[in-house]
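Below is one structure, written out as structure tokens, with a few remarks after it.
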Number of protein chains: 2
Amino acid sequence: MIQITFPDKSVREYPKGITGLDIAKSLSNSLAKEVVSVTVDEEIWDTTRPIEKNASIKLHKFDDKEGKHAFWHSSAHLMAEALEALYPGIKFGIGPAIENGFYYDVDPGDGISITEGDLPKIEAKMKELASLKNNYTRENITKAQALELFNKKGDNYKTELISELEDGTITLYRHGNFTDLCRGPHLPDTGFIKAIKLLSVAGAYWRGDEKRKQLTRIYGITFPKQSQLDEYMVLLEQARARDHRKLGKELELFMFSQKVGMGLPLWLPKGAALRERLQDFLKKVQKKHGYDLVMTPHIGQKELYVTSGHYEKYGKDSFQPIHTPQEGEEFLLKPMNCPHHCEIYANKPRSYKDLPLRFAEFGTVYRYEQSGELHGLTRVRGFTQDDAHIFCRPDQLKDEFKKVIDIILYIFKTLDFADFTTQVSLRDKENREKYIGSDENWEKAEQAIIEAAEEKGLKTIVEYGEAAFYGPKLDFMVKDAIGRSWQLGTIQVDYNLPERFELEYIGSDDQRHRPVMIHRAPFGSMERFVAVLIEHTAGKFPLWLTPDQAIILPISEKYHDYAEKVLKFLNNSDIRTLIDSRAEKIGKKIRDAELKRIPYLLIVGEREAENGTVSVRKQGEGDQGSVKPEEFVARVKTEIEAQIAEI
Amino acid sequence: MIQITFPDKSVREYPKGITGLDIAKSLSNSLAKEVVSVTVDEEIWDTTRPIEKNASIKLHKFDDKEGKHAFWHSSAHLMAEALEALYPGIKFGIGPAIENGFYYDVDPGDGISITEGDLPKIEAKMKELASLKNNYTRENITKAQALELFNKKGDNYKTELISELEDGTITLYRHGNFTDLCRGPHLPDTGFIKAIKLLSVAGAYWRGDEKRKQLTRIYGITFPKQSQLDEYMVLLEQARARDHRKLGKELELFMFSQKVGMGLPLWLPKGAALRERLQDFLKKVQKKHGYDLVMTPHIGQKELYVTSGHYEKYGKDSFQPIHTPQEGEEFLLKPMNCPHHCEIYANKPRSYKDLPLRFAEFGTVYRYEQSGELHGLTRVRGFTQDDAHIFCRPDQLKDEFKKVIDIILYIFKTLDFADFTTQVSLRDKENREKYIGSDENWEKAEQAIIEAAEEKGLKTIVEYGEAAFYGPKLDFMVKDAIGRSWQLGTIQVDYNLPERFELEYIGSDDQRHRPVMIHRAPFGSMERFVAVLIEHTAGKFPLWLTPDQAIILPISEKYHDYAEKVLKFLNNSDIRTLIDSRAEKIGKKIRDAELKRIPYLLIVGEREAENGTVSVRKQGEGDQGSVKPEEFVARVKTEIEAQIAEI
């Protein structure tokens, strides 16, 4: 018999060789139907793999991250089986589970192409094969056997992968007529996969190398229930409608230019103004909290980043050094603002009385990303961090953390991110030698973060081993209006840079001490934040922030003079107002204005011109009655005041 | 006889071989004593050189640019003669006249050094030699003769220079015991040089090449009268006291860091805030004038600058391309914002009704300068232009020019640059083929600028041949408080970039047309402007702009509580206020606050704490009586309102 320990620390005895699935069955039959993988002593296993010795286990359903992974990975294999049936001789690259679903990179053979038109056929084949409920079986084989198997099949991509593996670590998975090189784990059988949708086809270079063959990448997603797939497809549709790349273009917020380069956004007037409003908002909050704005160049000598360690870490994979014509100097585009801020700290002697110093900068940084990785404003090559570095004494750490949390909570509240989670990342409990900084300081810092988060009423998940080598941190993840998670603000303690830059202050004991540094960026970056905000609000920004707050719609040309008068009055009253003086029907003007997400539509016709009023229509809420322009201004200002609470 | 035409177009006959000096004598003996060079048919000559044929001439006194040049160039030769007398065997590099005075690069020989301590001795020798009134004489020689002469002397720097000259173009100048390779022109004799001051000694690489020998550069200045030198030395002292590098450090406005790199300013909190106030001020003006703010990246693909022509023009001499790790892309640090703005213009089709479009950006650009050329904030490698590009129809050019002039005049008025001059740079009247754009458009643009300047009441100097090849321009030069001229704002018409980027709009005729582009930067760059402002105001910025507007000086510790209360009230009232709570005597606190250029000193002691008042002392104006803090706030606000006129 072996002893099995459950997550609640309870222990049960089972015969040696028991499987996760059998254990699930021993608990409840309905549970067994849902269990898709099992964690055995920190490793994730198939539920059908025998457990031979005492172990801690955790059973995973589809709802768990681990469950989804096994489910989608098995689905990739199922798709491969369907493809092999439909395209004999097709060759396979890799086919992993991803955040939402799975893909497989395949080479259908010269002259054969798979397009989105083929997806329904493949989907149908997958459903047919799934209904056979074929078992996924695991098999250990030698490297020689594996090479022989895939050589015989002609699968040169697989043999390339196998040749790089160590003998004794190679496993196969088989189900139905399909065999794949794979670590697993997988579902017990294909029957678990009840709902299938293949989503798209794209090109992908073998091993991400543009010099090698371009394979066909087929994306899909599957679920245990059809209703889950239906829900997902609705979400996907919503997400498409909110896609910040699409809305950013429609609302003329930003653009990309082939000539300027990929991943380098250009902010158009409406977008630049929106970003400025966000920055001004944050500047005001930061000023109240004692931050000092600084401005630093976008390049620095290579030496600077050698000192900071950034060159060693990112140098090879990032934008390469900039040389000068004569003097043999080398500069780098700055990947981070912190080295510059350290130099400002070091500009003069500091006393314990000067601390904390809080240097803030909307600093634009440049980091190379492969073109295939770029995505709208969320994955770019140049972005502006709402950055700040706090230099403080160790005893000030907790207070400073609390103040930063205050700022982040204030931002979330103002921008209506009601649903968020936080994670504290601490040291690995076991391997403490891999962290820089004294044990005592780490102890203090970790305690400070935990206490600060607690005192601010945050419900945090604590993750051990997730801290950076230079300090613990606190991360904020927000859920957007359609339930997707986005990583936003970070507060990060750093013992490393003060050490590397030899930063000091004179303590009350007249001795030299090293300050602690906190990196923090509530938005993360302006680009990413605006993207998230677009997707969260579907382009319907809060009134204070939105590009155009009102649009005047004259019913006919007769009222243009009056409309212009109102326009001038509103703009002079700092209400961002447009006019639609096209010779279109009022119905069309209303529809167009709504498409542009303008919150207030002000209709002016005969009655309004006579009475000196405007007929107010609010986006999504319809008619609000007629008011004098002064009254409208007052209403807008009241509404905005309610949106931005006092700091 | 030959005919000599004077600047007033009058013509006189003189014998062939007459000299400028003789012509001057024929006009007036006192004039002849002051004439130091003469322009003969566009070439500047010695006044003693015979004129052999009909010519137009202009006589130059020391007050003219051309006169100063000859005077200081002759002084460099005089210094060389003195050096040769004091340091036998000394070798000479080059010794030009510069903006203020002259220098000579010399190699005194191994083991011999010339330091500032040696300057009085050299000065004395120069005076002695000057009093000999030795004539400067000109001599044409062959290349072979020149090489032989300087070879014999052992002057290897001179022989290097001669070896690069074309035979038949080489002239020598001799005076006293000294002979130099030189184009001239020079004074009639050394007796003209009455007042001499050697200023400093520096190192300078031979031919600016750091791989070659470092020579000793000796700077000096001379005048026809001692009183002029005395005045100059006072000005120099004033300029030193106003040096923005010195004040920038003292007032903690900006810093440079060895590690970040030369010529790359880092704006410290007080400087960054001041710059932000300037930017906000300009943003507000620009908004009123219909500008749209945009934001663009600090890099662009090399392609972009090949299209714009910047790569061809500056590529080799500037920061070199940035490569990417894998994809073989090439980026450049942007030297100008215009290509990015052209891409924004090209982002969608434009109609004649959309124009003018005015894209503004505080865009930071990077241009390589040799380290020896760098100077504080006025000559840097990275700077932020208060840039904008106006895209308009040809018929809108004059109006747009007038609007930009309005902005610049408004800025000058607000920032107290009462004394300025303007220059219109037009095409060369003769060589019209070297300019891009149709004759008709040039005609229109030149006329538009001249009329706009006239209608705005500007007194302009018109310079033919000074226009860029791509369009005419209008430049603004301001005089600072001690009379020095600084080039600031520019308004530049551009036909070239719209052509290169193939920009278009659809005209009212439904045809495609090319817009005209105007570049304009009223400040020039934030860095340069702040430097000029510091030197103009000697750090005493206008109240609305200055970093700290008031400082509270408690007479003793007893009044700290009251002082803190006032501090909080003033800061909450948006008066930037500090407190000096050191245990120092009030006299010292006042002196220190004045050194920091803080406009208002608020003294609080027993009487003030009792009455709830502050004793106001204004920088430079002394005691202003006691007032309630509310009253002080009102006064400050009134003063600021008076400084910033309504736009």
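By convention here, the chains of the structure tokens are called A, B, ... in the order presented, each chain's residues are numbered starting at 1, and ligands are numbered starting at 1 in the order presented.
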With a cut-off of 8 Å, could you pull out the residues of chain A touching chain B and give me the nearest pair of atoms for each, distance in Å to one decimal, using only C-alpha atoms, ordered by chain and ascending number, as a tab-separated table?
```
residue	atom	partner	partner_atom	distance
A:Met255	CA	B:Asn347	CA	7.7
A:Ser257	CA	B:Glu343	CA	6.8
A:Lys259	CA	B:Leu304	CA	5.2
A:Val260	CA	B:Gly300	CA	4.5
A:Gly261	CA	B:Gln301	CA	5.6
A:Leu264	CA	B:Pro297	CA	6.3
A:Pro265	CA	B:Thr296	CA	7.0
A:Leu266	CA	B:Thr296	CA	4.7
A:Trp267	CA	B:Met295	CA	5.0
A:Leu268	CA	B:Val294	CA	5.4
A:Pro269	CA	B:Val294	CA	5.1
A:Gly271	CA	B:Val294	CA	8.0
A:Ala272	CA	B:Val294	CA	5.3
A:Ala273	CA	B:Leu293	CA	6.8
A:Asp292	CA	B:Pro269	CA	5.4
A:Leu293	CA	B:Pro269	CA	5.5
A:Val294	CA	B:Pro269	CA	5.1
A:Met295	CA	B:Trp267	CA	5.0
A:Thr296	CA	B:Leu266	CA	4.7
A:Pro297	CA	B:Leu264	CA	6.3
A:His298	CA	B:His298	CA	7.8
A:Ile299	CA	B:Val260	CA	7.6
A:Gly300	CA	B:Val260	CA	4.5
A:Gln301	CA	B:Val260	CA	5.2
A:Glu303	CA	B:Lys259	CA	6.3
A:Leu304	CA	B:Lys259	CA	5.2
A:Lys316	CA	B:Pro325	CA	6.8
A:Asp317	CA	B:Pro325	CA	5.8
A:Ser318	CA	B:Pro325	CA	6.4
A:Phe319	CA	B:Thr324	CA	5.0
A:Gln320	CA	B:His323	CA	5.2
A:Pro321	CA	B:Ile322	CA	6.4
A:Ile322	CA	B:Ile322	CA	5.5
A:His323	CA	B:Gln320	CA	5.2
A:Thr324	CA	B:Phe319	CA	5.0
A:Pro325	CA	B:Asp317	CA	5.8
A:Gln326	CA	B:Gln370	CA	7.9
A:Glu327	CA	B:Gln370	CA	7.7
A:His340	CA	B:Val260	CA	7.0
A:Glu343	CA	B:Ser257	CA	6.8
A:Ile344	CA	B:Leu268	CA	7.2
A:Asn347	CA	B:Met255	CA	7.7
A:Phe359	CA	B:Pro269	CA	7.8
A:Tyr368	CA	B:Thr324	CA	7.2
A:Gln370	CA	B:Glu327	CA	7.7
A:Gly382	CA	B:Pro297	CA	7.0
```
All residues 8 Å or closer to Lys225 of chain B, only C-alpha atoms, same chain fewer than 5 positions away omitted, as a PyMOL selection string: chain B and resi 193-195
Limited to all heavy atoms, could you put the picked residues into a file as a short mmCIF file (atom, residue, chain, number, x, y, z; two decimals), in the first residue's frame?
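Below is the file that was written, result.cif:
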```cif
data_model
loop_
_atom_site.label_atom_id
_atom_site.label_comp_id
_atom_site.auth_asym_id
_atom_site.auth_seq_id
_atom_site.Cartn_x
_atom_site.Cartn_y
_atom_site.Cartn_z
N ILE B 193 46.78 97.89 -32.85
CA ILE B 193 46.37 97.07 -31.70
C ILE B 193 46.82 97.76 -30.41
O ILE B 193 47.99 97.70 -30.03
CB ILE B 193 46.98 95.66 -31.82
CG1 ILE B 193 46.55 95.02 -33.17
CG2 ILE B 193 46.54 94.77 -30.67
CD1 ILE B 193 47.32 93.77 -33.54
N LYS B 194 45.86 98.41 -29.75
CA LYS B 194 46.22 99.23 -28.58
C LYS B 194 45.95 98.52 -27.26
O LYS B 194 46.57 98.83 -26.25
CB LYS B 194 45.41 100.54 -28.60
CG LYS B 194 45.56 101.35 -29.86
CD LYS B 194 46.72 102.31 -29.77
CE LYS B 194 46.65 103.35 -30.87
NZ LYS B 194 47.86 103.34 -31.70
N ALA B 195 44.94 97.65 -27.25
CA ALA B 195 44.56 97.02 -25.98
C ALA B 195 44.53 95.51 -26.18
O ALA B 195 43.92 95.01 -27.11
CB ALA B 195 43.18 97.51 -25.54
#
```
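The environment of Ser556 of chain A within 10 Å, counting only C-alpha atoms and disregarding residues fewer than 5 places along the same chain, consists of Ser581, Arg582, Ala583, Glu584, Lys585, Ile586, Val604, Gly605 and Glu606 of chain A.
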Distance query Lys403 of chain A at most 10 Å, only C-alpha atoms, self and fewer than 6 positions along chain excluded, as number ranges by chain: A: 289, 397, 409, 452, 456
Residues of the last selection are to be written out with all heavy atoms, as a short mmCIF file (atom, residue, chain, number, x, y, z; two decimals), in the first residue's frame.
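Contents of the output file out_21.cif:
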```
data_model
loop_
_atom_site.label_atom_id
_atom_site.label_comp_id
_atom_site.auth_asym_id
_atom_site.auth_seq_id
_atom_site.Cartn_x
_atom_site.Cartn_y
_atom_site.Cartn_z
N HIS A 289 1.50 63.22 -3.76
CA HIS A 289 2.20 62.21 -2.98
C HIS A 289 3.70 62.47 -2.90
O HIS A 289 4.48 61.57 -2.56
CB HIS A 289 1.95 60.82 -3.58
CG HIS A 289 0.61 60.25 -3.20
ND1 HIS A 289 -0.56 60.58 -3.84
CD2 HIS A 289 0.24 59.39 -2.21
CE1 HIS A 289 -1.57 59.93 -3.29
NE2 HIS A 289 -1.12 59.21 -2.30
N LEU A 397 10.21 51.64 4.04
CA LEU A 397 9.71 50.80 2.95
C LEU A 397 8.20 50.56 3.04
O LEU A 397 7.47 50.73 2.06
CB LEU A 397 10.47 49.47 3.00
CG LEU A 397 10.62 48.69 1.71
CD1 LEU A 397 11.11 49.55 0.57
CD2 LEU A 397 11.58 47.52 1.92
N LEU A 409 -4.77 52.18 -6.22
CA LEU A 409 -6.20 51.99 -5.94
C LEU A 409 -7.01 53.19 -6.41
O LEU A 409 -8.12 53.06 -6.93
CB LEU A 409 -6.42 51.76 -4.44
CG LEU A 409 -5.82 50.46 -3.89
CD1 LEU A 409 -6.19 50.28 -2.42
CD2 LEU A 409 -6.28 49.25 -4.70
N ALA A 452 1.80 45.98 4.34
CA ALA A 452 1.23 47.11 3.60
C ALA A 452 -0.02 46.67 2.85
O ALA A 452 -1.07 47.33 2.89
CB ALA A 452 2.26 47.69 2.64
N LYS A 456 -3.88 47.81 3.68
CA LYS A 456 -4.66 48.50 2.65
C LYS A 456 -5.84 47.65 2.20
O LYS A 456 -6.54 48.00 1.24
CB LYS A 456 -3.77 48.84 1.45
CG LYS A 456 -2.82 49.99 1.74
CD LYS A 456 -3.59 51.29 1.93
CE LYS A 456 -2.74 52.35 2.60
NZ LYS A 456 -3.57 53.53 2.98
#
```
Residue neighbourhood segment 412-415 of chain B, 9 Å, only C-alpha atoms, exclusion window fewer than 3 positions, as a ChimeraX atom specification: /B:407-409,418-420,478,533,541-542,643-645
Can you write out the residues you just picked, keeping all heavy atoms, as an mmCIF file, in the first residue's frame?
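To be explicit, this is the file written out as out33.cif:
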```
data_model
loop_
_atom_site.group_PDB
_atom_site.id
_atom_site.type_symbol
_atom_site.label_atom_id
_atom_site.label_comp_id
_atom_site.auth_asym_id
_atom_site.auth_seq_id
_atom_site.Cartn_x
_atom_site.Cartn_y
_atom_site.Cartn_z
ATOM 1 N N ILE B 407 2.559 84.126 -32.355
ATOM 2 C CA ILE B 407 2.974 83.261 -31.242
ATOM 3 C C ILE B 407 4.355 83.675 -30.736
ATOM 4 O O ILE B 407 4.584 83.815 -29.539
ATOM 5 C CB ILE B 407 2.985 81.776 -31.677
ATOM 6 C CG1 ILE B 407 1.554 81.292 -31.931
ATOM 7 C CG2 ILE B 407 3.668 80.903 -30.623
ATOM 8 C CD1 ILE B 407 1.452 79.851 -32.411
ATOM 9 N N ILE B 408 5.260 83.882 -31.677
ATOM 10 C CA ILE B 408 6.630 84.222 -31.273
ATOM 11 C C ILE B 408 6.664 85.567 -30.546
ATOM 12 O O ILE B 408 7.306 85.708 -29.500
ATOM 13 C CB ILE B 408 7.579 84.215 -32.496
ATOM 14 C CG1 ILE B 408 7.683 82.770 -33.028
ATOM 15 C CG2 ILE B 408 8.961 84.761 -32.130
ATOM 16 C CD1 ILE B 408 8.556 82.603 -34.258
ATOM 17 N N LEU B 409 5.914 86.544 -31.074
ATOM 18 C CA LEU B 409 5.903 87.856 -30.412
ATOM 19 C C LEU B 409 5.284 87.759 -29.018
ATOM 20 O O LEU B 409 5.734 88.406 -28.075
ATOM 21 C CB LEU B 409 5.132 88.872 -31.269
ATOM 22 C CG LEU B 409 5.781 89.197 -32.624
ATOM 23 C CD1 LEU B 409 4.992 90.287 -33.343
ATOM 24 C CD2 LEU B 409 7.236 89.635 -32.440
ATOM 25 N N ALA B 418 12.647 92.113 -25.061
ATOM 26 C CA ALA B 418 12.123 93.294 -25.740
ATOM 27 C C ALA B 418 12.930 93.594 -27.000
ATOM 28 O O ALA B 418 12.425 94.150 -27.963
ATOM 29 C CB ALA B 418 12.153 94.479 -24.800
ATOM 30 N N ASP B 419 14.186 93.204 -26.981
ATOM 31 C CA ASP B 419 15.111 93.607 -28.039
ATOM 32 C C ASP B 419 15.397 92.420 -28.953
ATOM 33 O O ASP B 419 16.098 91.481 -28.588
ATOM 34 C CB ASP B 419 16.405 94.088 -27.366
ATOM 35 C CG ASP B 419 17.293 94.852 -28.329
ATOM 36 O OD1 ASP B 419 16.933 94.954 -29.519
ATOM 37 O OD2 ASP B 419 18.348 95.329 -27.877
ATOM 38 N N PHE B 420 14.813 92.448 -30.143
ATOM 39 C CA PHE B 420 15.078 91.339 -31.060
ATOM 40 C C PHE B 420 15.133 91.856 -32.491
ATOM 41 O O PHE B 420 14.649 92.942 -32.796
ATOM 42 C CB PHE B 420 14.015 90.250 -30.932
ATOM 43 C CG PHE B 420 12.630 90.704 -31.275
ATOM 44 C CD1 PHE B 420 12.152 90.593 -32.584
ATOM 45 C CD2 PHE B 420 11.794 91.237 -30.312
ATOM 46 C CE1 PHE B 420 10.886 91.018 -32.910
ATOM 47 C CE2 PHE B 420 10.526 91.667 -30.634
ATOM 48 C CZ PHE B 420 10.061 91.567 -31.935
ATOM 49 N N VAL B 478 17.330 87.296 -30.557
ATOM 50 C CA VAL B 478 17.063 88.176 -29.419
ATOM 51 C C VAL B 478 18.362 88.681 -28.834
ATOM 52 O O VAL B 478 19.392 88.008 -28.899
ATOM 53 C CB VAL B 478 16.264 87.462 -28.296
ATOM 54 C CG1 VAL B 478 14.893 87.061 -28.799
ATOM 55 C CG2 VAL B 478 17.019 86.266 -27.750
ATOM 56 N N LEU B 533 17.444 81.861 -21.394
ATOM 57 C CA LEU B 533 16.635 82.492 -20.355
ATOM 58 C C LEU B 533 17.442 82.665 -19.062
ATOM 59 O O LEU B 533 17.357 83.693 -18.388
ATOM 60 C CB LEU B 533 15.396 81.618 -20.114
ATOM 61 C CG LEU B 533 14.165 82.293 -19.546
ATOM 62 C CD1 LEU B 533 13.735 83.464 -20.414
ATOM 63 C CD2 LEU B 533 13.034 81.276 -19.422
ATOM 64 N N PHE B 541 14.216 84.280 -12.815
ATOM 65 C CA PHE B 541 13.133 84.020 -13.757
ATOM 66 C C PHE B 541 11.895 84.829 -13.391
ATOM 67 O O PHE B 541 11.724 85.205 -12.232
ATOM 68 C CB PHE B 541 12.772 82.540 -13.737
ATOM 69 C CG PHE B 541 13.907 81.632 -14.106
ATOM 70 C CD1 PHE B 541 14.556 80.883 -13.140
ATOM 71 C CD2 PHE B 541 14.335 81.539 -15.420
ATOM 72 C CE1 PHE B 541 15.609 80.047 -13.475
ATOM 73 C CE2 PHE B 541 15.384 80.709 -15.768
ATOM 74 C CZ PHE B 541 16.028 79.966 -14.785
ATOM 75 N N PRO B 542 11.007 85.056 -14.381
ATOM 76 C CA PRO B 542 9.738 85.684 -14.040
ATOM 77 C C PRO B 542 9.019 84.866 -12.960
ATOM 78 O O PRO B 542 9.175 83.649 -12.903
ATOM 79 C CB PRO B 542 8.938 85.644 -15.345
ATOM 80 C CG PRO B 542 9.905 85.334 -16.428
ATOM 81 C CD PRO B 542 11.115 84.736 -15.808
ATOM 82 N N GLN B 643 2.060 89.291 -15.747
ATOM 83 C CA GLN B 643 3.188 88.791 -16.537
ATOM 84 C C GLN B 643 2.731 88.021 -17.767
ATOM 85 O O GLN B 643 3.389 88.037 -18.799
ATOM 86 C CB GLN B 643 4.077 87.876 -15.677
ATOM 87 C CG GLN B 643 4.882 88.647 -14.650
ATOM 88 C CD GLN B 643 5.742 87.747 -13.794
ATOM 89 O OE1 GLN B 643 5.543 86.536 -13.760
ATOM 90 N NE2 GLN B 643 6.680 88.338 -13.080
ATOM 91 N N ILE B 644 1.623 87.290 -17.612
ATOM 92 C CA ILE B 644 1.145 86.492 -18.743
ATOM 93 C C ILE B 644 -0.117 87.131 -19.297
ATOM 94 O O ILE B 644 -1.206 86.984 -18.745
ATOM 95 C CB ILE B 644 0.852 85.042 -18.330
ATOM 96 C CG1 ILE B 644 2.092 84.438 -17.646
ATOM 97 C CG2 ILE B 644 0.448 84.223 -19.542
ATOM 98 C CD1 ILE B 644 2.000 82.972 -17.399
ATOM 99 N N ALA B 645 0.048 87.831 -20.402
ATOM 100 C CA ALA B 645 -1.104 88.501 -21.007
ATOM 101 C C ALA B 645 -2.047 87.464 -21.603
ATOM 102 O O ALA B 645 -1.636 86.350 -21.918
ATOM 103 C CB ALA B 645 -0.617 89.444 -22.102
#
```
For Ala538 of chain B, find every residue with an atom within 12 Å (counting only C-alpha atoms), except residues of its own chain fewer than 3 positions away, and show them as a compact mmCIF listing (two decimals) with N, CA and C atoms, in the first residue's frame.
```
# COMPACT_ATOMS: atom_id res chain seq x y z
N GLN B 238 30.27 89.79 -16.30
CA GLN B 238 28.81 89.63 -16.21
C GLN B 238 28.39 88.29 -16.82
N ALA B 239 28.94 88.00 -17.98
CA ALA B 239 28.57 86.77 -18.66
C ALA B 239 28.95 85.56 -17.83
N ARG B 240 30.10 85.64 -17.18
CA ARG B 240 30.53 84.53 -16.33
C ARG B 240 29.55 84.33 -15.19
N ALA B 241 29.12 85.43 -14.62
CA ALA B 241 28.19 85.34 -13.49
C ALA B 241 26.85 84.78 -13.94
N ARG B 242 26.52 84.95 -15.22
CA ARG B 242 25.25 84.50 -15.75
C ARG B 242 25.37 83.15 -16.46
N ASP B 243 26.56 82.61 -16.54
CA ASP B 243 26.78 81.38 -17.30
C ASP B 243 25.75 80.32 -16.88
N HIS B 244 24.98 79.85 -17.87
CA HIS B 244 23.90 78.94 -17.50
C HIS B 244 24.41 77.61 -16.95
N ARG B 245 25.65 77.27 -17.29
CA ARG B 245 26.19 76.02 -16.76
C ARG B 245 26.40 76.14 -15.25
N LYS B 246 26.92 77.31 -14.87
CA LYS B 246 27.18 77.57 -13.45
C LYS B 246 25.84 77.70 -12.70
N LEU B 247 24.94 78.54 -13.24
CA LEU B 247 23.67 78.77 -12.56
C LEU B 247 22.79 77.51 -12.57
N GLY B 248 22.85 76.77 -13.67
CA GLY B 248 22.06 75.54 -13.77
C GLY B 248 22.41 74.57 -12.66
N GLU B 250 24.00 75.54 -9.72
CA GLU B 250 23.69 76.15 -8.43
C GLU B 250 22.19 76.07 -8.10
N LEU B 251 21.37 76.31 -9.13
CA LEU B 251 19.92 76.32 -8.91
C LEU B 251 19.34 74.91 -9.06
N ASP B 480 20.08 89.66 -25.28
CA ASP B 480 19.83 89.43 -23.86
C ASP B 480 20.19 90.66 -23.05
N ALA B 481 20.02 90.54 -21.72
CA ALA B 481 20.15 91.70 -20.85
C ALA B 481 21.53 92.34 -20.90
N ILE B 482 22.57 91.59 -21.32
CA ILE B 482 23.89 92.23 -21.41
C ILE B 482 24.31 92.39 -22.86
N VAL B 530 16.07 77.50 -22.41
CA VAL B 530 16.28 77.62 -20.97
C VAL B 530 17.67 78.21 -20.70
N ALA B 531 18.65 77.80 -21.48
CA ALA B 531 20.00 78.36 -21.32
C ALA B 531 19.97 79.88 -21.55
N VAL B 532 19.34 80.29 -22.64
CA VAL B 532 19.28 81.73 -22.96
C VAL B 532 18.52 82.47 -21.86
N LEU B 533 17.44 81.86 -21.39
CA LEU B 533 16.63 82.49 -20.35
C LEU B 533 17.44 82.66 -19.06
N ILE B 534 18.22 81.65 -18.74
CA ILE B 534 19.06 81.75 -17.54
C ILE B 534 20.06 82.89 -17.72
N GLU B 535 20.69 82.97 -18.89
CA GLU B 535 21.72 83.99 -19.09
C GLU B 535 21.09 85.39 -19.20
N PHE B 541 14.22 84.28 -12.81
CA PHE B 541 13.13 84.02 -13.76
C PHE B 541 11.89 84.83 -13.39
N PRO B 542 11.01 85.06 -14.38
CA PRO B 542 9.74 85.68 -14.04
C PRO B 542 9.02 84.87 -12.96
N THR B 546 9.51 80.80 -12.20
CA THR B 546 10.65 80.49 -11.34
C THR B 546 10.37 79.26 -10.46
N LEU B 595 20.65 84.35 -2.80
CA LEU B 595 21.56 83.61 -3.70
C LEU B 595 20.80 82.59 -4.52
N LYS B 596 19.75 82.03 -3.91
CA LYS B 596 18.94 81.04 -4.62
C LYS B 596 17.94 81.70 -5.56
N ARG B 597 17.97 83.03 -5.65
CA ARG B 597 17.09 83.78 -6.57
C ARG B 597 15.62 83.58 -6.26
```
Shell around segment 444-447 of chain A at 9 Å using only C-alpha atoms, local window under 3 positions removed, as a list in words: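 Once the adjacent positions are removed, what remains is Pro394, Asp395, Leu397, Lys398, Val424, Ser425, Leu426, Arg427, Asp439, Glu440, Asn441, Ile450, Glu451, Ala452, Gly471, Pro472, Lys473 and Val493 of chain A.
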File dump, residues just selected, C-alpha atoms, as a JSON list (two decimals), in the first residue's frame:
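The new file result-v2.json reads:
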```
[["chain", "number", "residue", "atom", "x", "y", "z"],
["A", 394, "PRO", "CA", 14.77, 50.47, 4.95],
["A", 395, "ASP", "CA", 12.51, 51.69, 7.75],
["A", 397, "LEU", "CA", 9.71, 50.80, 2.95],
["A", 398, "LYS", "CA", 6.31, 49.86, 4.35],
["A", 424, "VAL", "CA", 2.98, 39.19, -3.63],
["A", 425, "SER", "CA", 6.09, 37.55, -5.03],
["A", 426, "LEU", "CA", 8.55, 36.44, -2.37],
["A", 427, "ARG", "CA", 11.78, 34.46, -2.24],
["A", 439, "ASP", "CA", 18.61, 38.18, 4.75],
["A", 440, "GLU", "CA", 17.62, 40.80, 7.27],
["A", 441, "ASN", "CA", 16.69, 43.31, 4.57],
["A", 450, "ILE", "CA", 2.68, 41.78, 3.20],
["A", 451, "GLU", "CA", 1.74, 44.19, 5.96],
["A", 452, "ALA", "CA", 1.23, 47.11, 3.60],
["A", 471, "GLY", "CA", 13.83, 42.05, -4.46],
["A", 472, "PRO", "CA", 10.22, 41.07, -3.69],
["A", 473, "LYS", "CA", 7.29, 42.70, -5.48],
["A", 493, "VAL", "CA", 11.77, 46.44, -4.29]]
```
Helix (DSSP H, G or I) positions in segment 166-400 of chain B, given as a PyMOL selection string: chain B and resi 190-192+206-208+226-242+244-250+269-288+302-308+310-317+338-345+352-354+371-373+394-400
Which of segment 423-480 of chain B fall in strand (DSSP E), as a list of chain:residue names: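 Restricting segment 423-480 of chain B to strand (DSSP E) produces B:Gln423, B:Val424, B:Ser425, B:Leu426, B:Thr460, B:Ile461, B:Val462, B:Glu463, B:Tyr464, B:Lys473, B:Leu474, B:Asp475, B:Phe476, B:Met477, B:Val478, B:Lys479.
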